[in-house]
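**Q** So here's upload.cif, just mmCIF, C-alpha atoms and all ligand atoms:
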```cif
data_upload
loop_
_atom_site.group_PDB
_atom_site.id
_atom_site.type_symbol
_atom_site.label_atom_id
_atom_site.label_comp_id
_atom_site.auth_asym_id
_atom_site.auth_seq_id
_atom_site.Cartn_x
_atom_site.Cartn_y
_atom_site.Cartn_z
ATOM 1 C CA MET A 1 18.190 -122.515 -70.057
ATOM 2 C CA TRP A 2 17.162 -126.101 -69.745
ATOM 3 C CA PRO A 3 13.768 -125.750 -68.046
ATOM 4 C CA THR A 4 12.514 -124.120 -71.282
ATOM 5 C CA ALA A 5 14.134 -126.881 -73.278
ATOM 6 C CA LEU A 6 12.320 -129.399 -71.094
ATOM 7 C CA SER A 7 8.985 -127.675 -71.491
ATOM 8 C CA GLN A 8 9.406 -127.905 -75.242
ATOM 9 C CA GLY A 9 10.135 -131.583 -74.967
ATOM 10 C CA LEU A 10 13.287 -133.169 -76.250
ATOM 11 C CA ARG A 11 13.965 -131.674 -79.629
ATOM 12 C CA TRP A 12 15.976 -133.583 -82.192
ATOM 13 C CA PHE A 13 15.603 -131.031 -84.943
ATOM 14 C CA PRO A 14 15.267 -127.264 -85.116
ATOM 15 C CA GLU A 15 11.736 -126.097 -85.819
ATOM 16 C CA GLN A 16 10.597 -126.480 -89.437
ATOM 17 C CA ALA A 17 9.682 -122.995 -90.608
ATOM 18 C CA SER A 18 10.257 -122.908 -94.360
ATOM 19 C CA THR A 19 8.892 -124.650 -97.429
ATOM 20 C CA VAL A 20 12.041 -126.746 -97.858
ATOM 21 C CA ALA A 21 12.565 -127.672 -94.194
ATOM 22 C CA GLY A 22 10.381 -130.797 -94.363
ATOM 23 C CA GLN A 23 12.058 -131.981 -97.563
ATOM 24 C CA VAL A 24 15.559 -131.491 -96.146
ATOM 25 C CA ASP A 25 14.613 -133.400 -92.995
ATOM 26 C CA ALA A 26 13.054 -136.230 -95.025
ATOM 27 C CA LEU A 27 16.290 -136.685 -96.984
ATOM 28 C CA PHE A 28 18.338 -136.506 -93.790
ATOM 29 C CA LEU A 29 16.145 -139.079 -92.056
ATOM 30 C CA PHE A 30 16.397 -141.346 -95.085
ATOM 31 C CA LEU A 31 20.205 -141.157 -94.884
ATOM 32 C CA VAL A 32 20.093 -141.939 -91.167
ATOM 33 C CA ALA A 33 17.690 -144.841 -91.748
ATOM 34 C CA VAL A 34 19.893 -146.348 -94.477
ATOM 35 C CA SER A 35 22.970 -146.018 -92.244
ATOM 36 C CA VAL A 36 21.244 -147.490 -89.180
ATOM 37 C CA PHE A 37 19.799 -150.364 -91.218
ATOM 38 C CA PHE A 38 23.142 -151.403 -92.689
ATOM 39 C CA ALA A 39 25.096 -150.850 -89.463
ATOM 40 C CA GLY A 40 22.496 -153.042 -87.677
ATOM 41 C CA LEU A 41 22.601 -155.671 -90.407
ATOM 42 C CA ILE A 42 26.393 -155.862 -90.256
ATOM 43 C CA PHE A 43 26.431 -156.174 -86.449
ATOM 44 C CA LEU A 44 23.782 -158.871 -86.601
ATOM 45 C CA LEU A 45 25.621 -160.830 -89.280
ATOM 46 C CA VAL A 46 28.888 -160.619 -87.349
ATOM 47 C CA PHE A 47 27.184 -162.446 -84.460
ATOM 48 C CA VAL A 48 25.204 -164.887 -86.595
ATOM 49 C CA PHE A 49 28.227 -165.871 -88.659
ATOM 50 C CA ALA A 50 30.466 -166.116 -85.585
ATOM 51 C CA LEU A 51 28.023 -168.631 -84.077
ATOM 52 C CA ARG A 52 27.050 -170.483 -87.195
ATOM 53 C CA TYR A 53 30.501 -170.883 -88.704
ATOM 54 C CA ARG A 54 32.487 -171.313 -85.473
ATOM 55 C CA ARG A 55 35.029 -174.098 -85.354
ATOM 56 C CA ARG A 56 33.386 -177.089 -83.706
ATOM 57 C CA ALA A 57 36.296 -179.522 -83.570
ATOM 58 C CA GLU A 58 40.065 -179.229 -83.190
ATOM 59 C CA ASP A 59 40.773 -180.768 -86.578
ATOM 60 C CA GLU A 60 37.921 -179.138 -88.485
ATOM 61 C CA ARG A 61 38.964 -177.603 -91.818
ATOM 62 C CA PRO A 62 36.445 -175.437 -93.727
ATOM 63 C CA LYS A 63 35.598 -176.136 -97.343
ATOM 64 C CA ALA A 64 37.364 -174.021 -99.927
ATOM 65 C CA ILE A 65 35.202 -171.176 -101.264
ATOM 66 C CA HIS A 66 35.328 -170.123 -104.919
ATOM 67 C CA GLY A 67 33.109 -167.062 -104.742
ATOM 68 C CA SER A 68 29.514 -166.504 -105.787
ATOM 69 C CA LEU A 69 28.507 -164.458 -108.792
ATOM 70 C CA ILE A 70 25.001 -163.931 -107.436
ATOM 71 C CA LEU A 71 26.269 -162.568 -104.134
ATOM 72 C CA GLU A 72 28.815 -160.327 -105.823
ATOM 73 C CA GLY A 73 26.134 -159.035 -108.169
ATOM 74 C CA LEU A 74 23.741 -158.322 -105.332
ATOM 75 C CA TRP A 75 26.184 -156.415 -103.171
ATOM 76 C CA THR A 76 27.164 -154.350 -106.153
ATOM 77 C CA VAL A 77 23.734 -153.593 -107.568
ATOM 78 C CA ILE A 78 21.886 -152.891 -104.300
ATOM 79 C CA PRO A 79 24.358 -150.294 -102.923
ATOM 80 C CA LEU A 80 24.615 -148.759 -106.399
ATOM 81 C CA GLY A 81 20.836 -148.366 -106.520
ATOM 82 C CA ILE A 82 20.738 -146.832 -103.044
ATOM 83 C CA ALA A 83 23.623 -144.460 -103.810
ATOM 84 C CA LEU A 84 21.955 -143.352 -107.043
ATOM 85 C CA ALA A 85 18.651 -142.763 -105.256
ATOM 86 C CA ILE A 86 20.468 -140.609 -102.683
ATOM 87 C CA PHE A 87 22.212 -138.727 -105.491
ATOM 88 C CA VAL A 88 19.039 -138.026 -107.478
ATOM 89 C CA TRP A 89 17.094 -137.017 -104.373
ATOM 90 C CA GLY A 90 19.931 -134.814 -103.087
ATOM 91 C CA ALA A 91 20.517 -133.175 -106.476
ATOM 92 C CA TYR A 92 16.807 -132.457 -106.875
ATOM 93 C CA LEU A 93 16.664 -130.785 -103.471
ATOM 94 C CA TYR A 94 19.869 -128.882 -104.210
ATOM 95 C CA PHE A 95 18.290 -127.447 -107.345
ATOM 96 C CA VAL A 96 15.147 -126.499 -105.456
ATOM 97 C CA ILE A 97 17.189 -124.664 -102.827
ATOM 98 C CA SER A 98 19.523 -122.953 -105.283
ATOM 99 C CA ARG A 99 16.883 -121.641 -107.685
ATOM 100 C CA PRO A 100 14.880 -118.755 -106.266
ATOM 101 C CA PRO A 101 11.343 -118.480 -107.668
ATOM 102 C CA ALA A 102 11.037 -115.639 -110.192
ATOM 103 C CA ALA A 103 8.501 -113.795 -108.041
ATOM 104 C CA ALA A 104 10.746 -113.730 -104.990
ATOM 105 C CA MET A 105 11.174 -110.512 -103.076
ATOM 106 C CA GLU A 106 14.839 -109.524 -102.941
ATOM 107 C CA VAL A 107 17.004 -108.744 -99.975
ATOM 108 C CA TYR A 108 20.660 -107.782 -100.231
ATOM 109 C CA VAL A 109 23.092 -109.090 -97.663
ATOM 110 C CA VAL A 110 26.597 -107.893 -96.873
ATOM 111 C CA GLY A 111 28.601 -109.848 -94.333
ATOM 112 C CA LYS A 112 31.530 -108.277 -92.535
ATOM 113 C CA GLN A 113 33.550 -109.016 -89.433
ATOM 114 C CA TRP A 114 31.357 -109.382 -87.417
ATOM 115 C CA MET A 115 27.876 -108.424 -88.444
ATOM 116 C CA TRP A 116 25.215 -108.946 -91.066
ATOM 117 C CA LYS A 117 24.049 -105.902 -92.978
ATOM 118 C CA LEU A 118 20.759 -106.404 -94.764
ATOM 119 C CA GLN A 119 18.937 -104.117 -97.114
ATOM 120 C CA HIS A 120 15.440 -104.214 -98.552
ATOM 121 C CA PRO A 121 14.800 -103.046 -102.141
ATOM 122 C CA THR A 122 12.676 -100.266 -100.672
ATOM 123 C CA GLY A 123 15.775 -99.009 -98.887
ATOM 124 C CA GLN A 124 15.246 -100.117 -95.284
ATOM 125 C CA ARG A 125 18.498 -101.214 -93.749
ATOM 126 C CA GLU A 126 18.869 -103.646 -90.913
ATOM 127 C CA ILE A 127 21.788 -104.986 -88.958
ATOM 128 C CA ASN A 128 21.706 -108.543 -87.637
ATOM 129 C CA GLU A 129 17.946 -108.565 -88.127
ATOM 130 C CA LEU A 130 15.776 -109.293 -91.102
ATOM 131 C CA HIS A 131 12.044 -108.678 -91.214
ATOM 132 C CA VAL A 132 10.164 -110.632 -93.867
ATOM 133 C CA PRO A 133 6.544 -111.479 -94.599
ATOM 134 C CA VAL A 134 5.310 -115.027 -94.094
ATOM 135 C CA ASN A 135 4.442 -117.238 -97.108
ATOM 136 C CA ARG A 136 6.422 -115.158 -99.553
ATOM 137 C CA PRO A 137 9.651 -116.310 -101.214
ATOM 138 C CA VAL A 138 12.659 -114.156 -100.348
ATOM 139 C CA LYS A 139 15.787 -114.208 -102.485
ATOM 140 C CA LEU A 140 19.043 -113.234 -100.819
ATOM 141 C CA THR A 141 21.841 -111.765 -102.925
ATOM 142 C CA MET A 142 24.906 -111.865 -100.733
ATOM 143 C CA THR A 143 28.499 -110.734 -100.628
ATOM 144 C CA SER A 144 31.193 -110.050 -98.053
ATOM 145 C CA GLU A 145 33.367 -107.044 -97.333
ATOM 146 C CA ASP A 146 36.236 -109.068 -95.922
ATOM 147 C CA VAL A 147 36.440 -112.825 -95.415
ATOM 148 C CA ILE A 148 34.157 -115.778 -96.115
ATOM 149 C CA HIS A 149 31.050 -115.927 -93.935
ATOM 150 C CA SER A 150 28.079 -118.239 -94.201
ATOM 151 C CA PHE A 151 24.413 -117.285 -93.865
ATOM 152 C CA TYR A 152 22.729 -119.985 -91.829
ATOM 153 C CA VAL A 153 19.131 -120.174 -90.641
ATOM 154 C CA PRO A 154 18.568 -123.624 -89.118
ATOM 155 C CA ALA A 155 14.767 -123.296 -88.947
ATOM 156 C CA PHE A 156 14.673 -122.657 -92.704
ATOM 157 C CA ARG A 157 17.317 -125.332 -93.435
ATOM 158 C CA ILE A 158 19.353 -122.904 -95.525
ATOM 159 C CA LYS A 159 23.060 -122.274 -95.330
ATOM 160 C CA ALA A 160 25.043 -120.502 -98.037
ATOM 161 C CA ASP A 161 28.578 -119.177 -98.142
ATOM 162 C CA VAL A 162 28.989 -115.415 -98.392
ATOM 163 C CA VAL A 163 32.173 -114.789 -100.324
ATOM 164 C CA PRO A 164 34.175 -111.577 -100.856
ATOM 165 C CA GLY A 165 34.447 -110.492 -104.480
ATOM 166 C CA ARG A 166 31.332 -112.204 -105.784
ATOM 167 C CA TYR A 167 27.622 -112.619 -105.307
ATOM 168 C CA THR A 168 26.102 -115.797 -104.039
ATOM 169 C CA SER A 169 22.416 -116.308 -103.528
ATOM 170 C CA THR A 170 19.930 -118.490 -101.750
ATOM 171 C CA TRP A 171 16.244 -118.186 -100.937
ATOM 172 C CA PHE A 172 13.592 -119.227 -98.471
ATOM 173 C CA GLU A 173 9.876 -119.000 -97.967
ATOM 174 C CA ALA A 174 8.951 -118.843 -94.305
ATOM 175 C CA THR A 175 5.822 -120.771 -93.426
ATOM 176 C CA LYS A 176 5.318 -119.608 -89.836
ATOM 177 C CA THR A 177 5.470 -116.235 -88.167
ATOM 178 C CA GLY A 178 7.963 -115.898 -85.351
ATOM 179 C CA GLU A 179 11.617 -115.260 -84.701
ATOM 180 C CA TYR A 180 14.355 -117.543 -85.951
ATOM 181 C CA HIS A 181 18.070 -117.641 -85.259
ATOM 182 C CA LEU A 182 20.522 -116.435 -87.846
ATOM 183 C CA PHE A 183 24.096 -117.670 -87.522
ATOM 184 C CA CYS A 184 27.394 -117.288 -89.292
ATOM 185 C CA ALA A 185 28.465 -120.814 -90.162
ATOM 186 C CA GLU A 186 31.971 -120.179 -91.460
ATOM 187 C CA TYR A 187 34.787 -119.442 -89.035
ATOM 188 C CA CYS A 188 35.636 -115.803 -89.744
ATOM 189 C CA GLY A 189 37.776 -114.609 -86.855
ATOM 190 C CA THR A 190 37.607 -113.612 -83.205
ATOM 191 C CA SER A 191 33.904 -112.817 -82.941
ATOM 192 C CA HIS A 192 32.625 -115.446 -85.346
ATOM 193 C CA ALA A 193 30.637 -117.056 -82.555
ATOM 194 C CA VAL A 194 28.573 -113.929 -81.930
ATOM 195 C CA MET A 195 28.072 -113.031 -85.583
ATOM 196 C CA GLY A 196 24.381 -113.763 -85.701
ATOM 197 C CA GLY A 197 20.970 -112.317 -85.350
ATOM 198 C CA ARG A 198 17.374 -113.115 -86.008
ATOM 199 C CA ILE A 199 14.901 -113.383 -88.821
ATOM 200 C CA VAL A 200 11.527 -111.920 -87.883
ATOM 201 C CA VAL A 201 8.714 -113.460 -89.903
ATOM 202 C CA MET A 202 5.565 -111.333 -89.860
ATOM 203 C CA GLU A 203 2.017 -111.381 -91.220
ATOM 204 C CA PRO A 204 2.000 -109.487 -94.555
ATOM 205 C CA ALA A 205 -0.058 -106.589 -93.162
ATOM 206 C CA GLU A 206 2.214 -106.303 -90.159
ATOM 207 C CA TYR A 207 5.228 -106.395 -92.467
ATOM 208 C CA GLU A 208 3.793 -103.548 -94.555
ATOM 209 C CA ARG A 209 3.349 -101.559 -91.357
ATOM 210 C CA TRP A 210 6.935 -102.310 -90.411
ATOM 211 C CA LEU A 211 8.142 -101.200 -93.864
ATOM 212 C CA THR A 212 6.280 -97.910 -93.781
ATOM 213 C CA GLY A 213 6.974 -97.257 -90.118
ATOM 214 C CA GLY A 214 10.227 -95.678 -89.048
ATOM 215 C CA VAL A 215 12.023 -92.983 -90.945
ATOM 216 C CA SER A 216 11.370 -92.600 -94.646
ATOM 217 C CA VAL A 217 14.277 -93.947 -96.611
ATOM 218 C CA GLU A 218 15.618 -93.772 -100.089
ATOM 219 C CA SER A 219 14.870 -96.887 -102.106
ATOM 220 C CA LEU A 220 17.781 -99.010 -103.272
ATOM 221 C CA PRO A 221 17.416 -98.070 -106.963
ATOM 222 C CA ALA A 222 17.188 -94.370 -106.029
ATOM 223 C CA ALA A 223 20.354 -94.649 -103.957
ATOM 224 C CA GLY A 224 21.962 -96.452 -106.895
ATOM 225 C CA GLU A 225 20.905 -93.707 -109.283
ATOM 226 C CA ALA A 226 22.641 -91.146 -107.073
ATOM 227 C CA VAL A 227 25.852 -93.231 -107.061
ATOM 228 C CA PHE A 228 25.531 -93.642 -110.835
ATOM 229 C CA ALA A 229 25.385 -89.879 -111.275
ATOM 230 C CA ARG A 230 28.113 -89.133 -108.736
ATOM 231 C CA LEU A 231 30.558 -91.490 -110.473
ATOM 232 C CA ALA A 232 29.492 -89.936 -113.795
ATOM 233 C CA CYS A 233 28.510 -93.324 -115.225
ATOM 234 C CA ASN A 234 25.701 -91.507 -117.016
ATOM 235 C CA THR A 235 28.110 -89.539 -119.207
ATOM 236 C CA CYS A 236 28.944 -92.718 -121.143
ATOM 237 C CA HIS A 237 25.946 -94.960 -120.427
ATOM 238 C CA LYS A 238 23.334 -92.638 -121.875
ATOM 239 C CA THR A 239 19.808 -93.954 -121.791
ATOM 240 C CA ASP A 240 19.218 -93.175 -125.480
ATOM 241 C CA GLY A 241 22.147 -95.344 -126.600
ATOM 242 C CA THR A 242 24.209 -92.469 -128.061
ATOM 243 C CA GLY A 243 26.889 -92.647 -125.351
ATOM 244 C CA ARG A 244 30.344 -94.161 -125.595
ATOM 245 C CA GLY A 245 29.115 -97.111 -123.558
ATOM 246 C CA PRO A 246 25.977 -99.195 -124.103
ATOM 247 C CA SER A 247 22.680 -97.964 -122.736
ATOM 248 C CA LEU A 248 21.777 -99.999 -119.675
ATOM 249 C CA VAL A 249 18.040 -99.625 -120.060
ATOM 250 C CA GLY A 250 16.234 -102.941 -120.312
ATOM 251 C CA GLN A 251 19.503 -104.875 -120.197
ATOM 252 C CA PHE A 252 19.147 -106.653 -116.875
ATOM 253 C CA GLY A 253 17.878 -110.201 -117.195
ATOM 254 C CA GLN A 254 18.729 -110.265 -120.925
ATOM 255 C CA THR A 255 21.819 -111.679 -122.567
ATOM 256 C CA ALA A 256 24.562 -109.447 -123.944
ATOM 257 C CA LYS A 257 26.664 -110.203 -127.001
ATOM 258 C CA LEU A 258 30.364 -109.747 -126.308
ATOM 259 C CA ALA A 259 33.205 -108.579 -128.534
ATOM 260 C CA SER A 260 34.672 -112.061 -128.173
ATOM 261 C CA GLY A 261 31.584 -113.520 -129.823
ATOM 262 C CA GLU A 262 30.347 -115.094 -126.630
ATOM 263 C CA THR A 263 27.103 -114.180 -124.965
ATOM 264 C CA VAL A 264 26.670 -113.554 -121.280
ATOM 265 C CA ALA A 265 23.628 -113.390 -119.021
ATOM 266 C CA VAL A 266 23.206 -109.894 -117.601
ATOM 267 C CA ASP A 267 22.762 -110.757 -113.939
ATOM 268 C CA GLU A 268 23.997 -109.388 -110.620
ATOM 269 C CA SER A 269 27.424 -110.977 -111.012
ATOM 270 C CA TYR A 270 27.939 -109.632 -114.528
ATOM 271 C CA VAL A 271 26.985 -106.087 -113.498
ATOM 272 C CA ARG A 272 29.340 -106.316 -110.545
ATOM 273 C CA GLU A 273 32.196 -107.602 -112.701
ATOM 274 C CA SER A 274 31.600 -104.903 -115.292
ATOM 275 C CA ILE A 275 31.935 -102.198 -112.646
ATOM 276 C CA LEU A 276 35.045 -103.638 -110.996
ATOM 277 C CA THR A 277 36.754 -105.327 -113.948
ATOM 278 C CA PRO A 278 35.272 -103.642 -117.031
ATOM 279 C CA GLN A 279 37.809 -105.177 -119.432
ATOM 280 C CA ALA A 280 36.773 -108.729 -118.595
ATOM 281 C CA LYS A 281 33.705 -108.861 -120.838
ATOM 282 C CA ILE A 282 33.346 -106.071 -123.399
ATOM 283 C CA VAL A 283 29.964 -105.728 -125.075
ATOM 284 C CA SER A 284 30.220 -106.140 -128.842
ATOM 285 C CA GLY A 285 30.435 -102.877 -130.771
ATOM 286 C CA TYR A 286 31.884 -100.771 -127.954
ATOM 287 C CA PRO A 287 35.508 -99.760 -127.323
ATOM 288 C CA PRO A 288 37.191 -101.110 -124.162
ATOM 289 C CA ILE A 289 37.536 -97.689 -122.569
ATOM 290 C CA MET A 290 35.715 -98.022 -119.282
ATOM 291 C CA PRO A 291 37.956 -97.520 -116.236
ATOM 292 C CA THR A 292 37.647 -99.743 -113.213
ATOM 293 C CA PHE A 293 35.722 -98.511 -110.201
ATOM 294 C CA LYS A 294 37.499 -100.873 -107.847
ATOM 295 C CA GLY A 295 38.160 -99.085 -104.565
ATOM 296 C CA LEU A 296 35.745 -96.289 -105.470
ATOM 297 C CA VAL A 297 32.549 -98.074 -104.554
ATOM 298 C CA THR A 298 31.688 -99.983 -101.397
ATOM 299 C CA GLU A 299 29.853 -103.307 -101.410
ATOM 300 C CA ASP A 300 26.710 -101.444 -100.325
ATOM 301 C CA GLN A 301 27.025 -99.045 -103.246
ATOM 302 C CA LEU A 302 27.650 -101.906 -105.657
ATOM 303 C CA LEU A 303 24.387 -103.476 -104.547
ATOM 304 C CA GLN A 304 22.641 -100.124 -104.979
ATOM 305 C CA LEU A 305 24.048 -99.831 -108.508
ATOM 306 C CA VAL A 306 22.893 -103.366 -109.278
ATOM 307 C CA ALA A 307 19.393 -102.518 -107.989
ATOM 308 C CA TYR A 308 19.353 -99.314 -110.062
ATOM 309 C CA ILE A 309 20.414 -101.080 -113.269
ATOM 310 C CA LYS A 310 17.850 -103.764 -112.553
ATOM 311 C CA SER A 311 15.171 -101.071 -112.287
ATOM 312 C CA LEU A 312 15.963 -99.584 -115.709
ATOM 313 C CA LYS A 313 13.172 -101.120 -117.732
ATOM 314 C CA LEU A 314 12.069 -100.393 -121.260
ATOM 315 C CA ASP A 315 8.517 -99.078 -121.524
ATOM 316 C CA GLY A 316 6.200 -102.021 -121.396
ATOM 317 C CA GLN A 317 8.759 -104.321 -119.758
ATOM 318 C CA ALA A 318 7.596 -105.809 -116.485
ATOM 319 C CA LYS A 319 8.770 -103.884 -113.449
ATOM 320 C CA PRO A 320 10.836 -105.875 -110.953
HETATM 321 CU CU1 LIG B 401 31.170 -114.495 -90.088
HETATM 322 CU CU2 LIG B 401 31.778 -116.543 -89.047
#
```
As structure tokens, please, write out the structure in this file.

**A**
Amino acid sequence: MWPTALSQGLRWFPEQASTVAGQVDALFLFLVAVSVFFAGLIFLLVFVFALRYRRRAEDERPKAIHGSLILEGLWTVIPLGIALAIFVWGAYLYFVISRPPAAAMEVYVVGKQWMWKLQHPTGQREINELHVPVNRPVKLTMTSEDVIHSFYVPAFRIKADVVPGRYTSTWFEATKTGEYHLFCAEYCGTSHAVMGGRIVVMEPAEYERWLTGGVSVESLPAAGEAVFARLACNTCHKTDGTGRGPSLVGQFGQTAKLASGETVAVDESYVRESILTPQAKIVSGYPPIMPTFKGLVTEDQLLQLVAYIKSLKLDGQAKP
């Protein structure tokens, strides 16, 4: 192990292999620098004051001190300024990391004890391995079949909890080809420590070859369409809008008006909730008659349904 570590030199940080890695490290180094500076200052002052204000005679009595407004002001305003700078910087970076670019390619992730199941929109499935092209943003829509896991790729400086019963998402854009460690960063049981894998970042052409190589597979929306038909969703959700439920064509990415008067963004989480808990948010103008499909669809199938509904575009609407 360690001869390779030596040949790479002493490494303080994992490799920087995503667009946000440098920014995360800059913020981290700033925090370290602030901490080191003030720890050093305090140590120094402890010694300086101990020498300078030491008692020099047996009967020496110090002068009474009545405080100093200037000093109090300074040690309030300076730390406040530093804390606010850290907050603004951290919040900005948080927003960058939590908002996938609109053009991102999508990958669906299901965590389970103890493996990562990943699926490309084109249908390719992978376990504990994810192949992606370099220099292209990748959005991860993630959920868990059992307990909380956490998707962690140190080289990309991303880590996001993967929670049963809901979708979470994160994104990255790899800047270098190569292989990077994937870890589970939330204790999830006996084999948590080995719940990992690798992200393989490839040149775009090589990635295309990888996609088309191997067995031909059904795309995610096509798989979703089959589930949609098998569960007879299409008997109510007719595409022409004459069904007992709303047509789903062109709905994804829009907002829906609810019977309660509220509006809701039609996103992955809303589609998921509508399949599992249909009564939660009823679209205005429709009766609350849809049964729940809880227990009838797996997490994989839910993601396929989401991909299918996402693919239902009106003519002239941009394809995903
Ligand atoms: Cu999954 Cu720890």

**Q** Please find the residues contacting ligand LIG 401 (chain B) at a distance of at most 9 Å between atoms, with all atoms listed in the file counted, and report them as a CSV table (one decimal) with C-alpha atoms, keeping the file's coordinate frame.

**A**
```csv
chain,number,residue,atom,x,y,z
A,111,GLY,CA,28.6,-109.8,-94.3
A,112,LYS,CA,31.5,-108.3,-92.5
A,113,GLN,CA,33.6,-109.0,-89.4
A,114,TRP,CA,31.4,-109.4,-87.4
A,115,MET,CA,27.9,-108.4,-88.4
A,116,TRP,CA,25.2,-108.9,-91.1
A,147,VAL,CA,36.4,-112.8,-95.4
A,148,ILE,CA,34.2,-115.8,-96.1
A,149,HIS,CA,31.0,-115.9,-93.9
A,150,SER,CA,28.1,-118.2,-94.2
A,151,PHE,CA,24.4,-117.3,-93.9
A,162,VAL,CA,29.0,-115.4,-98.4
A,183,PHE,CA,24.1,-117.7,-87.5
A,184,CYS,CA,27.4,-117.3,-89.3
A,185,ALA,CA,28.5,-120.8,-90.2
A,186,GLU,CA,32.0,-120.2,-91.5
A,187,TYR,CA,34.8,-119.4,-89.0
A,188,CYS,CA,35.6,-115.8,-89.7
A,189,GLY,CA,37.8,-114.6,-86.9
A,190,THR,CA,37.6,-113.6,-83.2
A,191,SER,CA,33.9,-112.8,-82.9
A,192,HIS,CA,32.6,-115.4,-85.3
A,193,ALA,CA,30.6,-117.1,-82.6
A,194,VAL,CA,28.6,-113.9,-81.9
A,195,MET,CA,28.1,-113.0,-85.6
A,196,GLY,CA,24.4,-113.8,-85.7
```

**Q** So which residues get picked by the PyMOL selection byres (((chain A and resi 210-213) around 10) and not hetatm) here, written as a count of residues only?

**A** 17

**Q** Kindly resolve the PyMOL selection byres (((chain A and resi 252-259) around 7) and not hetatm) on the present coordinates and return the residues as a PyMOL selection string.

**A** chain A and resi 250-251+260-267+281-285+309-310

**Q** So which one's closest to A:Gly22, A:Thr242, A:Ser219, A:Ser35, A:Thr175? Using all atoms listed in the file, please.

**A**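 That would be A:Thr175, the residue with the smallest distance to A:Gly22.
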
**Q** Taking all atoms listed in the file into account, name the residue in A:Ile86, A:Leu51, A:Val109, A:Leu314 that is nearest to A:Asp240.

**A** A:Leu314

**Q** Give me the residues within 9 Å of A:Thr277 as a ChimeraX atom specification, counting all atoms listed in the file and dropping any in the same chain fewer than 2 places off.

**A** /A:272-275,279-281,291-294

**Q** When distances are computed from all atoms listed in the file, which of A:Thr298, A:Val96, A:Pro121, A:Gly241 shows the smallest separation from A:Glu218?

**A**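 When distances to A:Glu218 are compared using all atoms listed in the file, the smallest one comes from A:Pro121.
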